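Engineer: Here you go, this is target38.cif (mmCIF, C-alpha atoms).
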data_entry
loop_
_atom_site.label_atom_id
_atom_site.label_comp_id
_atom_site.auth_asym_id
_atom_site.auth_seq_id
_atom_site.Cartn_x
_atom_site.Cartn_y
_atom_site.Cartn_z
CA MET A 238 -249.16 -15.10 -166.09
CA ALA A 239 -247.30 -12.20 -164.56
CA ILE A 240 -243.91 -13.47 -165.83
CA THR A 241 -242.70 -13.67 -169.42
CA LEU A 242 -239.39 -15.50 -169.91
CA VAL A 243 -237.18 -14.25 -172.74
CA ASN A 244 -233.94 -15.18 -174.48
CA PRO A 245 -233.25 -11.97 -176.43
CA ALA A 246 -231.42 -11.84 -179.74
CA GLY A 247 -227.74 -11.23 -179.20
CA LEU A 248 -227.49 -13.47 -176.12
CA PRO A 249 -227.15 -17.26 -175.93
CA ALA A 250 -230.33 -19.30 -175.41
CA PRO A 251 -229.41 -21.76 -172.62
CA ASP A 252 -231.29 -25.05 -172.29
CA VAL A 253 -231.92 -24.79 -168.55
CA TYR A 254 -232.86 -21.14 -167.98
CA HIS A 255 -233.79 -17.90 -169.75
CA GLN A 256 -231.68 -14.75 -169.87
CA LEU A 257 -234.39 -12.47 -168.47
CA SER A 258 -237.90 -12.29 -167.16
CA VAL A 259 -240.39 -9.50 -167.58
CA ALA A 260 -242.73 -9.13 -164.61
CA THR A 261 -246.08 -7.41 -165.01
CA GLY A 262 -247.65 -8.50 -161.74
CA SER A 263 -247.99 -6.52 -158.56
CA ARG A 264 -247.44 -9.10 -155.81
CA GLN A 265 -243.93 -10.36 -155.06
CA VAL A 266 -243.05 -13.59 -153.28
CA PHE A 267 -239.58 -14.00 -151.75
CA VAL A 268 -238.70 -17.56 -150.78
CA ALA A 269 -235.86 -18.09 -148.31
CA GLY A 270 -233.06 -20.41 -149.38
CA GLN A 271 -234.31 -24.00 -149.37
CA VAL A 272 -232.09 -26.97 -148.57
CA ALA A 273 -232.58 -30.74 -148.52
CA VAL A 274 -234.86 -31.27 -145.52
CA ASP A 275 -238.26 -32.91 -145.37
CA ALA A 276 -241.37 -31.46 -143.74
CA SER A 277 -240.24 -32.65 -140.31
CA GLY A 278 -236.82 -31.01 -140.69
CA GLU A 279 -234.93 -34.26 -141.30
CA LYS A 280 -232.02 -34.14 -143.76
CA VAL A 281 -232.63 -35.76 -147.15
CA GLY A 282 -229.95 -37.24 -149.41
CA VAL A 283 -226.87 -36.66 -147.26
CA GLY A 284 -223.93 -37.09 -149.65
CA ASP A 285 -226.23 -37.42 -152.71
CA PHE A 286 -226.04 -34.19 -154.70
CA ALA A 287 -228.87 -35.00 -157.15
CA ALA A 288 -231.21 -36.01 -154.30
CA GLN A 289 -230.44 -32.78 -152.45
CA VAL A 290 -231.06 -30.67 -155.56
CA ALA A 291 -234.42 -32.38 -156.08
CA GLN A 292 -235.45 -31.86 -152.44
CA ALA A 293 -234.40 -28.21 -152.39
CA TYR A 294 -236.44 -27.56 -155.55
CA ARG A 295 -239.41 -29.47 -154.08
CA ASN A 296 -239.19 -27.34 -150.94
CA ALA A 297 -239.08 -24.16 -153.01
CA GLY A 298 -242.18 -25.42 -154.85
CA THR A 299 -243.94 -26.06 -151.52
CA ALA A 300 -243.10 -22.55 -150.32
CA LEU A 301 -244.33 -21.04 -153.59
CA ALA A 302 -247.59 -23.01 -153.35
CA ALA A 303 -248.21 -21.54 -149.89
CA ALA A 304 -248.34 -18.12 -151.58
CA GLY A 305 -250.51 -19.37 -154.46
CA ALA A 306 -247.53 -19.49 -156.85
CA THR A 307 -245.65 -22.10 -158.89
CA PHE A 308 -242.30 -22.16 -160.65
CA ALA A 309 -244.14 -20.65 -163.64
CA ASP A 310 -244.36 -17.45 -161.55
CA VAL A 311 -240.65 -17.33 -160.66
CA ALA A 312 -238.88 -14.21 -161.89
CA THR A 313 -235.40 -15.18 -160.73
CA MET A 314 -233.53 -17.95 -158.92
CA THR A 315 -230.22 -18.19 -157.12
CA VAL A 316 -228.67 -21.60 -156.53
CA PHE A 317 -225.75 -21.97 -154.14
CA VAL A 318 -223.65 -25.13 -154.60
CA VAL A 319 -220.88 -26.28 -152.29
CA ASP A 320 -217.55 -26.79 -154.10
CA TRP A 321 -219.10 -26.33 -157.56
CA THR A 322 -217.25 -27.82 -160.52
CA LEU A 323 -218.57 -28.48 -164.00
CA ASP A 324 -218.44 -32.24 -163.47
CA LYS A 325 -221.36 -31.77 -161.03
CA MET A 326 -223.62 -30.49 -163.83
CA PRO A 327 -225.09 -33.91 -164.80
CA ALA A 328 -226.12 -34.62 -161.19
CA PHE A 329 -227.49 -31.08 -160.87
CA LEU A 330 -229.59 -31.51 -164.01
CA GLU A 331 -230.75 -34.95 -162.80
CA GLY A 332 -231.98 -33.39 -159.55
CA VAL A 333 -233.78 -30.59 -161.39
CA ALA A 334 -235.37 -33.16 -163.71
CA ARG A 335 -236.61 -35.22 -160.74
CA ALA A 336 -238.18 -32.17 -159.11
CA SER A 337 -239.60 -30.96 -162.44
CA ALA A 338 -241.32 -34.30 -163.00
CA GLU A 339 -242.89 -34.19 -159.55
CA LEU A 340 -243.86 -30.50 -159.72
CA GLY A 341 -245.13 -30.70 -163.30
CA VAL A 342 -243.09 -27.68 -164.44
CA THR A 343 -239.50 -27.07 -165.46
CA PRO A 344 -237.92 -24.20 -163.54
CA ALA A 345 -236.52 -22.00 -166.32
CA ALA A 346 -236.42 -18.48 -164.88
CA PRO A 347 -233.23 -16.42 -165.07
CA ALA A 348 -230.85 -18.06 -162.63
CA SER A 349 -227.45 -17.69 -161.08
CA LEU A 350 -225.50 -20.70 -159.88
CA ILE A 351 -222.92 -19.64 -157.31
CA GLY A 352 -220.18 -21.88 -155.94
CA VAL A 353 -219.64 -21.55 -152.20
CA SER A 354 -217.24 -23.24 -149.80
CA VAL A 355 -219.90 -24.31 -147.28
CA LEU A 356 -223.54 -23.71 -146.37
CA PHE A 357 -224.80 -23.29 -142.79
CA ASP A 358 -224.57 -27.07 -142.22
CA PRO A 359 -221.76 -29.06 -143.88
CA ASP A 360 -224.19 -31.90 -144.80
CA PHE A 361 -226.03 -29.59 -147.21
CA LEU A 362 -224.64 -29.39 -150.75
CA VAL A 363 -227.15 -27.02 -152.37
CA GLU A 364 -229.51 -24.18 -151.46
CA VAL A 365 -232.19 -22.74 -153.78
CA GLN A 366 -233.65 -19.25 -153.38
CA VAL A 367 -236.46 -17.90 -155.60
CA THR A 368 -238.39 -14.71 -156.19
CA ALA A 369 -241.81 -14.89 -157.85
CA VAL A 370 -244.26 -12.30 -159.13
CA LEU A 371 -248.05 -12.76 -159.17
CA ASP A 372 -250.89 -10.74 -160.64
#
What is this structure when it is put down as structure tokens?
Structural biologist:
Amino acid sequence: MAITLVNPAGLPAPDVYHQLSVATGSRQVFVAGQVAVDASGEKVGVGDFAAQVAQAYRNAGTALAAAGATFADVATMTVFVVDWTLDKMPAFLEGVARASAELGVTPAAPASLIGVSVLFDPDFLVEVQVTAVLD
């Protein structure tokens, strides 16, 4: 693997991501922000935050696969959530768990979760962007 995930001494060790990744590969993969649409472009899970999280992660996994990568190759992730509040965390984690079960890997790269007021379409509640590194 070209990515080693680390929680260094002196920093907390979160359950859902690592504090840093060390990339030794030479090929980078940049995945555009993925939202809750299916392969035909139809919206998935309108009004259902967990369903949208799962679909956005599935779409990111599909994009990674097109480059020969998986979430195990992800160096960093950025997740944009509309009107983020901490009470949304259980639904967020449920969506990640659904996608993880389907993809066979738990996305655990260093991540930033950023609250935003709106995405490009008001029906979308989450957008997931990833960067991967391959040998």
Engineer: Excluding region 283-287 of chain A and residues on its chain fewer than 5 positions from it, collect all residues at most 8 Å away from it, counting all atoms listed in the file, and give them as a PyMOL selection string.
Structural biologist: chain A and resi 328-333+360-363
Engineer: Would you save the residues of that selection, restricted to C-alpha atoms, as a tab-separated table (two decimals), in the frame of the given file?
Structural biologist:
chain	number	residue	atom	x	y	z
A	328	ALA	CA	-226.12	-34.62	-161.19
A	329	PHE	CA	-227.49	-31.08	-160.87
A	330	LEU	CA	-229.59	-31.51	-164.01
A	331	GLU	CA	-230.75	-34.95	-162.80
A	332	GLY	CA	-231.98	-33.39	-159.55
A	333	VAL	CA	-233.78	-30.59	-161.39
A	360	ASP	CA	-224.19	-31.90	-144.80
A	361	PHE	CA	-226.03	-29.59	-147.21
A	362	LEU	CA	-224.64	-29.39	-150.75
A	363	VAL	CA	-227.15	-27.02	-152.37
Engineer: I'd like to see the residues matched by the PyMOL selection byres ((chain A and resi 252) around 12) on this file, and ideally I'd get them as a PyMOL selection string.
Structural biologist: chain A and resi 244+249-251+253-256+330+343-348
Engineer: Going by the chain IDs and residue numbers used in this file, which residues fall under the PyMOL selection byres ((chain A and resi 293) around 7)? Write them as a CSV table (one decimal) with C-alpha atoms, in the coordinates of the input.
Structural biologist:
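Below is the file out.csv, written as the result:
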chain,number,residue,atom,x,y,z
A,271,GLN,CA,-234.3,-24.0,-149.4
A,272,VAL,CA,-232.1,-27.0,-148.6
A,273,ALA,CA,-232.6,-30.7,-148.5
A,289,GLN,CA,-230.4,-32.8,-152.4
A,290,VAL,CA,-231.1,-30.7,-155.6
A,291,ALA,CA,-234.4,-32.4,-156.1
A,292,GLN,CA,-235.4,-31.9,-152.4
A,294,TYR,CA,-236.4,-27.6,-155.6
A,295,ARG,CA,-239.4,-29.5,-154.1
A,296,ASN,CA,-239.2,-27.3,-150.9
A,297,ALA,CA,-239.1,-24.2,-153.0
A,364,GLU,CA,-229.5,-24.2,-151.5
A,365,VAL,CA,-232.2,-22.7,-153.8
Engineer: Please evaluate the PyMOL selection byres ((chain A and resi 315) around 9) against the structure above and give the resulting residues as a ChimeraX atom specification.
Structural biologist: /A:270,313-314,316-317,347-351,364-368
Engineer: Rounded to one decimal, what separation in Å do you get between CA of Ser337 (chain A) and CA of Ala369 (chain A)?
Structural biologist: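 According to the coordinates, CA of Ser337 (chain A) and CA of Ala369 (chain A) are separated by 16.9 Å.
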Engineer: If you measure from CA of Glu339 (chain A) to CA of Met238 (chain A), what distance in Å do you get, rounded to one decimal?
Structural biologist: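 That distance, rounded to one decimal, is 21.1 Å.
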Engineer: How many Å separate CA of Gly298 (chain A) from CA of Leu340 (chain A)?
Structural biologist: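 Pair CA of Gly298 (chain A) / CA of Leu340 (chain A) returns 7.2 Å.
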Engineer: Name the closest residue to Ala304 (chain A) among the candidates A:Leu257, A:Leu242, A:Val268, A:Ala334; distances are taken between atoms, counting only C-alpha atoms.
Structural biologist: A:Val268
Engineer: With only C-alpha atoms as the basis for distance, which of A:Leu301, A:Val370, A:Val318, A:Val353 is at the shortest distance from Thr261 (chain A)?
Structural biologist: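 Using only C-alpha atoms, the shortest distance to Thr261 (chain A) belongs to A:Val370.
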Engineer: Between A:Gly262, A:Gly352, A:Pro359, A:Pro327, which residue has the minimum interatomic distance to Ile240 (chain A), considering all atoms listed in the file?
Structural biologist: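 Answer, going by the shortest atom-to-atom distance: A:Gly262.
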Engineer: Given all atoms listed in the file as the basis, pick out the residue of A:Val355, A:Leu371, A:Thr322, A:Arg264 nearest to Phe308 (chain A).
Structural biologist: A:Leu371
Engineer: Point out the residue among A:Ala336, A:Val342, A:Met326, A:Val281 with the least atom-to-atom distance to Val311 (chain A), counting only C-alpha atoms.
Structural biologist: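 Closest residue, counting only C-alpha atoms: A:Val342.
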Engineer: Around region 264-282 of chain A, with edges along x, y and z and 6 Å added on all six sides, what centre and edge lengths do you get, in Å to one decimal, as AutoDock Vina command-line options?
Structural biologist:
--center_x -238.7 --center_y -23.2 --center_z -148.1 --size_x 29.5 --size_y 40.1 --size_z 27.5
Engineer: Would you save region 295-372 of chain A to a file, keeping C-alpha atoms, as a PDB file, in the first residue's frame?
Structural biologist:
ATOM      1  CA  ARG A 295     -20.436   4.552  -2.727  1.00  0.00           C
ATOM      2  CA  ASN A 296     -19.961   7.023  -5.584  1.00  0.00           C
ATOM      3  CA  ALA A 297     -16.516   7.974  -4.295  1.00  0.00           C
ATOM      4  CA  GLY A 298     -15.692   4.245  -4.162  1.00  0.00           C
ATOM      5  CA  THR A 299     -16.865   3.827  -7.770  1.00  0.00           C
ATOM      6  CA  ALA A 300     -14.704   6.747  -8.895  1.00  0.00           C
ATOM      7  CA  LEU A 301     -11.693   5.348  -7.031  1.00  0.00           C
ATOM      8  CA  ALA A 302     -12.216   1.920  -8.626  1.00  0.00           C
ATOM      9  CA  ALA A 303     -12.105   3.519 -12.080  1.00  0.00           C
ATOM     10  CA  ALA A 304      -8.520   4.556 -11.266  1.00  0.00           C
ATOM     11  CA  GLY A 305      -7.631   1.153  -9.783  1.00  0.00           C
ATOM     12  CA  ALA A 306      -7.916   2.472  -6.204  1.00  0.00           C
ATOM     13  CA  THR A 307     -10.021   1.779  -3.108  1.00  0.00           C
ATOM     14  CA  PHE A 308     -10.641   3.647   0.128  1.00  0.00           C
ATOM     15  CA  ALA A 309      -7.507   1.896   1.440  1.00  0.00           C
ATOM     16  CA  ASP A 310      -5.559   4.173  -0.939  1.00  0.00           C
ATOM     17  CA  VAL A 311      -7.199   7.415   0.236  1.00  0.00           C
ATOM     18  CA  ALA A 312      -4.765   9.930   1.701  1.00  0.00           C
ATOM     19  CA  THR A 313      -7.338  12.534   2.693  1.00  0.00           C
ATOM     20  CA  MET A 314     -11.073  13.210   2.584  1.00  0.00           C
ATOM     21  CA  THR A 315     -13.224  16.299   2.837  1.00  0.00           C
ATOM     22  CA  VAL A 316     -16.903  15.949   3.681  1.00  0.00           C
ATOM     23  CA  PHE A 317     -19.248  18.898   3.259  1.00  0.00           C
ATOM     24  CA  VAL A 318     -22.506  18.690   5.235  1.00  0.00           C
ATOM     25  CA  VAL A 319     -25.420  21.089   4.925  1.00  0.00           C
ATOM     26  CA  ASP A 320     -26.392  22.697   8.258  1.00  0.00           C
ATOM     27  CA  TRP A 321     -24.067  20.435  10.284  1.00  0.00           C
ATOM     28  CA  THR A 322     -24.862  19.954  13.957  1.00  0.00           C
ATOM     29  CA  LEU A 323     -23.559  17.286  16.295  1.00  0.00           C
ATOM     30  CA  ASP A 324     -26.969  15.636  16.508  1.00  0.00           C
ATOM     31  CA  LYS A 325     -26.437  14.560  12.870  1.00  0.00           C
ATOM     32  CA  MET A 326     -23.409  12.439  13.841  1.00  0.00           C
ATOM     33  CA  PRO A 327     -25.355   9.168  14.428  1.00  0.00           C
ATOM     34  CA  ALA A 328     -26.971   9.376  10.968  1.00  0.00           C
ATOM     35  CA  PHE A 329     -23.608  10.288   9.430  1.00  0.00           C
ATOM     36  CA  LEU A 330     -21.957   7.261  11.042  1.00  0.00           C
ATOM     37  CA  GLU A 331     -24.882   5.050   9.963  1.00  0.00           C
ATOM     38  CA  GLY A 332     -24.382   6.153   6.349  1.00  0.00           C
ATOM     39  CA  VAL A 333     -20.631   5.529   6.515  1.00  0.00           C
ATOM     40  CA  ALA A 334     -21.283   2.090   8.037  1.00  0.00           C
ATOM     41  CA  ARG A 335     -23.715   1.197   5.219  1.00  0.00           C
ATOM     42  CA  ALA A 336     -21.197   2.194   2.558  1.00  0.00           C
ATOM     43  CA  SER A 337     -18.349   0.476   4.424  1.00  0.00           C
ATOM     44  CA  ALA A 338     -20.281  -2.790   4.523  1.00  0.00           C
ATOM     45  CA  GLU A 339     -20.949  -2.629   0.785  1.00  0.00           C
ATOM     46  CA  LEU A 340     -17.425  -1.522  -0.149  1.00  0.00           C
ATOM     47  CA  GLY A 341     -15.713  -3.949   2.221  1.00  0.00           C
ATOM     48  CA  VAL A 342     -13.499  -1.255   3.765  1.00  0.00           C
ATOM     49  CA  THR A 343     -13.931   1.431   6.399  1.00  0.00           C
ATOM     50  CA  PRO A 344     -12.867   4.861   5.151  1.00  0.00           C
ATOM     51  CA  ALA A 345     -10.455   6.016   7.871  1.00  0.00           C
ATOM     52  CA  ALA A 346      -8.102   8.460   6.163  1.00  0.00           C
ATOM     53  CA  PRO A 347      -7.494  11.906   7.652  1.00  0.00           C
ATOM     54  CA  ALA A 348     -10.722  13.800   7.106  1.00  0.00           C
ATOM     55  CA  SER A 349     -12.293  17.192   7.521  1.00  0.00           C
ATOM     56  CA  LEU A 350     -16.027  17.577   8.004  1.00  0.00           C
ATOM     57  CA  ILE A 351     -17.115  21.070   7.023  1.00  0.00           C
ATOM     58  CA  GLY A 352     -20.558  22.528   7.656  1.00  0.00           C
ATOM     59  CA  VAL A 353     -21.949  24.531   4.753  1.00  0.00           C
ATOM     60  CA  SER A 354     -25.205  26.402   4.251  1.00  0.00           C
ATOM     61  CA  VAL A 355     -26.089  24.760   0.922  1.00  0.00           C
ATOM     62  CA  LEU A 356     -24.580  22.629  -1.836  1.00  0.00           C
ATOM     63  CA  PHE A 357     -25.149  23.235  -5.559  1.00  0.00           C
ATOM     64  CA  ASP A 358     -28.635  21.663  -5.317  1.00  0.00           C
ATOM     65  CA  PRO A 359     -30.717  22.155  -2.152  1.00  0.00           C
ATOM     66  CA  ASP A 360     -31.824  18.478  -2.193  1.00  0.00           C
ATOM     67  CA  PHE A 361     -28.257  17.353  -1.498  1.00  0.00           C
ATOM     68  CA  LEU A 362     -27.224  17.178   2.160  1.00  0.00           C
ATOM     69  CA  VAL A 363     -23.655  15.867   1.840  1.00  0.00           C
ATOM     70  CA  GLU A 364     -20.734  15.884  -0.599  1.00  0.00           C
ATOM     71  CA  VAL A 365     -17.618  13.698  -0.278  1.00  0.00           C
ATOM     72  CA  GLN A 366     -14.290  14.544  -1.923  1.00  0.00           C
ATOM     73  CA  VAL A 367     -11.229  12.249  -1.742  1.00  0.00           C
ATOM     74  CA  THR A 368      -7.591  12.202  -2.752  1.00  0.00           C
ATOM     75  CA  ALA A 369      -5.814   8.858  -3.110  1.00  0.00           C
ATOM     76  CA  VAL A 370      -2.215   7.842  -3.724  1.00  0.00           C
ATOM     77  CA  LEU A 371      -1.162   4.685  -5.588  1.00  0.00           C
ATOM     78  CA  ASP A 372       2.180   2.999  -6.155  1.00  0.00           C
TER      79      ASP A 372
END
